[in-house]
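Note sheet for the following structure.
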There are 2 protein chains.
Amino acid sequence: MTTLDAVLQQTDTGLQASLDRLFDFIAIPSVSTEGRYAADCRQAAEWLAGQLAELGLESAVHNTAGHPMVVGHGAAVPGPHVLFYGHYDVQPVDPLALWSHPPFEAKLAPQPDGETHILGRGASDDKGQLLTFIEACRAWKSVTGTLPIRISMLFEGEEEAGSPSLAPFLAAHGDELRADVMLVCDTDMWDHDTPAITTMWRGFVSEEFEIICGDRDLHSGMFGSAARNAAQVMGTIIGRLRLDDGSVGIPGFYDGVEELPEVIREQWATLPFDGAKFLNDVGLTTPAGEDGRSVLEQVWARPTCEINGVWSGYTGDGFKTVIPARASAKLSFRLVAGQDPDRIRELFRSFVEALLPPDCRVVFKAYAAAPAQMMPLDGTLLAKARAALADEWGRPAALAGTGGSIPILGAFKERLGMDSLLVGFARFDNRIHSPNEKYDLSSFHKGIRSWVRILAAFSEIQP
Amino acid sequence: MTTLDAVLQQTDTGLQASLDRLFDFIAIPSVSTEGRYAADCRQAAEWLAGQLAELGLESAVHNTAGHPMVVGHGAAVPGPHVLFYGHYDVQPVDPLALWSHPPFEAKLAPQPDGETHILGRGASDDKGQLLTFIEACRAWKSVTGTLPIRISMLFEGEEEAGSPSLAPFLAAHGDELRADVMLVCDTDMWDHDTPAITTMWRGFVSEEFEIICGDRDLHSGMFGSAARNAAQVMGTIIGRLRLDDGSVGIPGFYDGVEELPEVIREQWATLPFDGAKFLNDVGLTTPAGEDGRSVLEQVWARPTCEINGVWSGYTGDGFKTVIPARASAKLSFRLVAGQDPDRIRELFRSFVEALLPPDCRVVFKAYAAAPAQMMPLDGTLLAKARAALADEWGRPAALAGTGGSIPILGAFKERLGMDSLLVGFARFDNRIHSPNEKYDLSSFHKGIRSWVRILAAFSEIQP
């Protein structure tokens with residue numbers, strides 16, 4: 001039996017123990033955007049540091065202005081040095097009533113098709129995914145007593161909150177963190193059976209704004225018609241953000257946006273992607289994006305503006321005939337190459353200000369932003385990883401895009417010059433950010449095995 | 001000293017005791033639209049029944065499908081028989097943080113101008129106002145041992161919730177409640193020193209609707225652009241409800257709406273009303289209603305559509321890049337003569353359905369509706385009341401309109417053929433339905449005295 005086979009076998013026999021650790025990890029409610037979970041975020045960081053220590057990594061938990069960073073370094077051996085990145089924070093769980101079980105009490109749910117779902121907040125994004133890498137390292141360590149290549153790891157607890165502490169942390173610890181490549185496990189497979197390496201992703205700009213008219217809520221009998229209604233003004237603004245043809249209505253929004261390169265368009269055309277099914281699986285039939293663009297193009301290669309939350313006036317039981325003086329919205333843009341996040345934010349703010357009627361003012365609150373990126377499509381590490389994935393899954397890995405944004409990658413590219421290799425085992429129906437998030441047991445198990453193979457393949461590279 | 005003078009003097013010496021009773025009344029948090037206050041609504045009804053018993057009225061608390069009705073009848077004496085109507089329920093108090101004191105703990109707040117404010121939810125609408133009538137009766141009873149005319153009273157606890165139990169109650173108790181005229185104290189003075197009798201008011205239609213797209217909230221990275229966003233659809237609909245010229249954008253909305261009769265327009269022109277000041281006092285400068293209409297016309301004689309509440313998606317701390325599958329709004333129309341509430345509701349629903357993009361459905365929920373009304377401007381009772389008010393305030397009472405809706409009046413007119421006399425002592429800056437609601441101590445005191453005089457004047461009418 002080769003060493004690789006022995007390590008793979010170890011991942012199989014150790015699967016139950018790996019699952020137990022994932023359940024322990026999910027049980028820590030590390031919701032980064034709600035202040036009441038701050039102690040839980042710290043606990044999740046400490047828990048991860050404990051895992052790294054078990055792998056023999058020299059680990060540390062660093063305080064930040066927000067939630068802690070966990071850093072670990074393995075022994076320096078010849079060959080490539082990788083930095084694995086993940087995030088231990090999770091999305092809020094509301095609306096809680098739509099969960100079929102307590103979101104922080106993970107459980108296994110066997111499915112009619114033979115698959116088993118690991119249910120729980122973070123089961124996929126990103127606790128389950130990042131553990132595939134740690135458990136792969138654990139299997140190597142268990143069989144060989146050491147890790148096959150030089151490995152560093154970095155885990156943050158603010159990815160779901162826009163990673164505000166990352167840039168300062170990189171500024172302070174960049175030299176310590178620099179490696180040959182960054183590895184990330186926070187993306188999807190191509191489909192249930194086809195692995196994928198993600199090479200392009202959208203940027204984003206997130207923003208909150210409040211419309212304020214007059215100085216108090218008013219009675220609609222006494223003032224109705226004559227008094228400015230903040231909820232009406234908000235609706236008018238939101239209504240003009242997206243046009244009837246699905247495009248974004250902000251002047252200048254598409255400046256600099258280029259058509260998809262033909263080589264990518266051709267590759268995507270060969271991928272087995274069914275846009276109708278993609279929408280159908282979430283109860284939709286008709287793409288809402290720009291007319292004349294395929295679903296895949298809309299979600300991977302075209303920018304958008306999405307309203308994420310709105311609130312104004314009386315929202316309780318019954319009725320209150322109030323004219324609201326205030327209305328708020330959270331919204332976010334997904335950007336593609338050629339769009340500068342800061343400029344998009346400025347264009348949006350000018351757009352809102354131009355629509356403000358008399359007696360209204362607007363207060364903007366900036367949340368995180370990051371540009372879109374496209375990774376280089378050649379290189380030894382990418383080729384090795386593709387071959388390793390093909391060995392595990394029995395078919396070539398797709399080179400995919402993603403509509404999501406991974407802001408940390410831009411920060412590492414910009415500050416440390418590092419490219420990233422995005423290998424994820426999530427499936428599109430994992431309901432991340434939604435109630436009843438799940439991770440397939442096969443994603444978890446074969447994900448661990450995939451990383452075992454990738455580490456083996458990287459160890460063959462001579463310096 | 002005449003009997004009238006003695007009764008007026010009694011209102012002066014008894015003012016502190018009257019205030020104590022008002023404070024007790026305000027202390028009962030009878031919010032009708034929130035189920036958790038149901039027991040408090042009943043307590044307010046029982047409290048009122050106790051007041052009526054003290055006046056020598058035969059009183060009863062009637063159960064309904066909602067909150068109880070309180071009915072009282074005084075002795076049958078010759079001359080006019082009046083039915084006084086009021087409501088013991090109050091508006092919700094949210095946003096609680098904007099109150100300067102606990103809303104159900106009334107207190108007096110002396111002002112720099114010499115006025116004193118009675119602060120508390122319901123201090124004006126309608127607890128303070130309805131008590132002016134009860135306290136006037138109490139003064140008569142105290143001085144003469146009896147009431148000067150035949151008086152019945154009816155108090156409901158669902159006025160702020162659209163009076164759903166009223167029609168069934170009138171159907172069951174109409175004969176018992178029928179009188180020569182209905183008296184109501186739920187309206188404003190013309191200005192700080194000028195009393196008013198309100199003779200026209202707007203109707204209304206209130207409605208809630210929910211937009212539903214797909215079957216779950218989605219991640220804006222994965223689905224952004226291609227998936228239908230319910231908050232965006234809601235914004236688009238709201239944005240088109242009011243046009244840039246201030247008018248309502250629903251096709252057919254203005255069908256049947258007539259211009260204000262010239263006689264009323266002329267009378268209004270003589271009233272000392274400063275539209276700019278009216279708006280200025282609430283932090284506004286520019287009328288938001290139809291272009292080319294005065295502020296007074298906009299709020300009294302023109303229909304409108306107002307958004308009363310909106311909610312969708314993630315509204316907590318921080319950020320969640322969700323595409324909401326659901327978005328809800330509460331809205332209400334104010335109507336004028338010529339508009340049928342049922343038809344307006346239908347027009348609105350058709351308007352929404354016509355704007356629905358693919359993959360969206362809408363669920364409507366009807367709340368209360370009532371037509372607009374205009375009361376006859378002649379008659380002995382009206383003349384007597386105007387003269388009595390002039391005696392108390394030293395100037396003629398204005399014949400005013402109101403932008404609000406008093407649905408019970410339509411029900412009494414329709415079912416029992418009764419007209420109503422609306423004499424109120426509220427002032428436009430009372431912040432009813434808003435935080436820090438107040439009633440001027442002079443409104444309360446001179447309001448009691450005004451009713452004492454009106455009852456005296458009515459007692460002069462021979463049958």
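How things are named: the first chain in the structure tokens is A, the next is B, and so on; residues count from 1 in each chain; ligands count from 1 in the order shown.
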
Per-residue nearest contacts stretch 303-361 of chain B to stretch 198-214 of chain A, cut-off 12 Å, using only C-alpha atoms, as JSON lines:
{"residue": "B:Tyr314", "atom": "CA", "partner": "A:Glu208", "partner_atom": "CA", "distance": 11.4}
{"residue": "B:Thr315", "atom": "CA", "partner": "A:Glu208", "partner_atom": "CA", "distance": 10.2}
{"residue": "B:Gly316", "atom": "CA", "partner": "A:Glu208", "partner_atom": "CA", "distance": 11.4}
{"residue": "B:Asp317", "atom": "CA", "partner": "A:Glu208", "partner_atom": "CA", "distance": 10.8}
{"residue": "B:Gly318", "atom": "CA", "partner": "A:Glu208", "partner_atom": "CA", "distance": 9.4}
{"residue": "B:Phe319", "atom": "CA", "partner": "A:Ser206", "partner_atom": "CA", "distance": 8.0}
{"residue": "B:Lys320", "atom": "CA", "partner": "A:Ser206", "partner_atom": "CA", "distance": 9.5}
{"residue": "B:Thr321", "atom": "CA", "partner": "A:Ser206", "partner_atom": "CA", "distance": 8.4}
{"residue": "B:Val322", "atom": "CA", "partner": "A:Ser206", "partner_atom": "CA", "distance": 11.6}

Output as number ranges by chain all residues of stretch 96-335 of chain A that backbone DSSP marks as strand (DSSP E). A: 107-110, 116-119, 150-156, 181-184, 196-201, 203-213, 218-219, 304-313, 322-323, 326-335

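Residues lying within 9 Å of stretch 353-355 of chain A, counting only C-alpha atoms and ignoring same-chain neighbours fewer than 3 positions away, are Val233, Thr236, Ile237, Phe348, Arg349, Ser350, Arg361 and Val362 of chain A.
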
Contacts of A:Gln232 at 9 Å or less, counting only C-alpha atoms, minus same-chain residues fewer than 5 places along, as a ChimeraX atom specification? /A:237,324,327 /B:235,238-239,241-242,306-307

Could you state the separation of atom CA of B:Gly424 and atom CA of B:Phe458 in Å, given to one decimal place?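 Atom-to-atom, atom CA of B:Gly424 and atom CA of B:Phe458 are spaced 17.3 Å apart.
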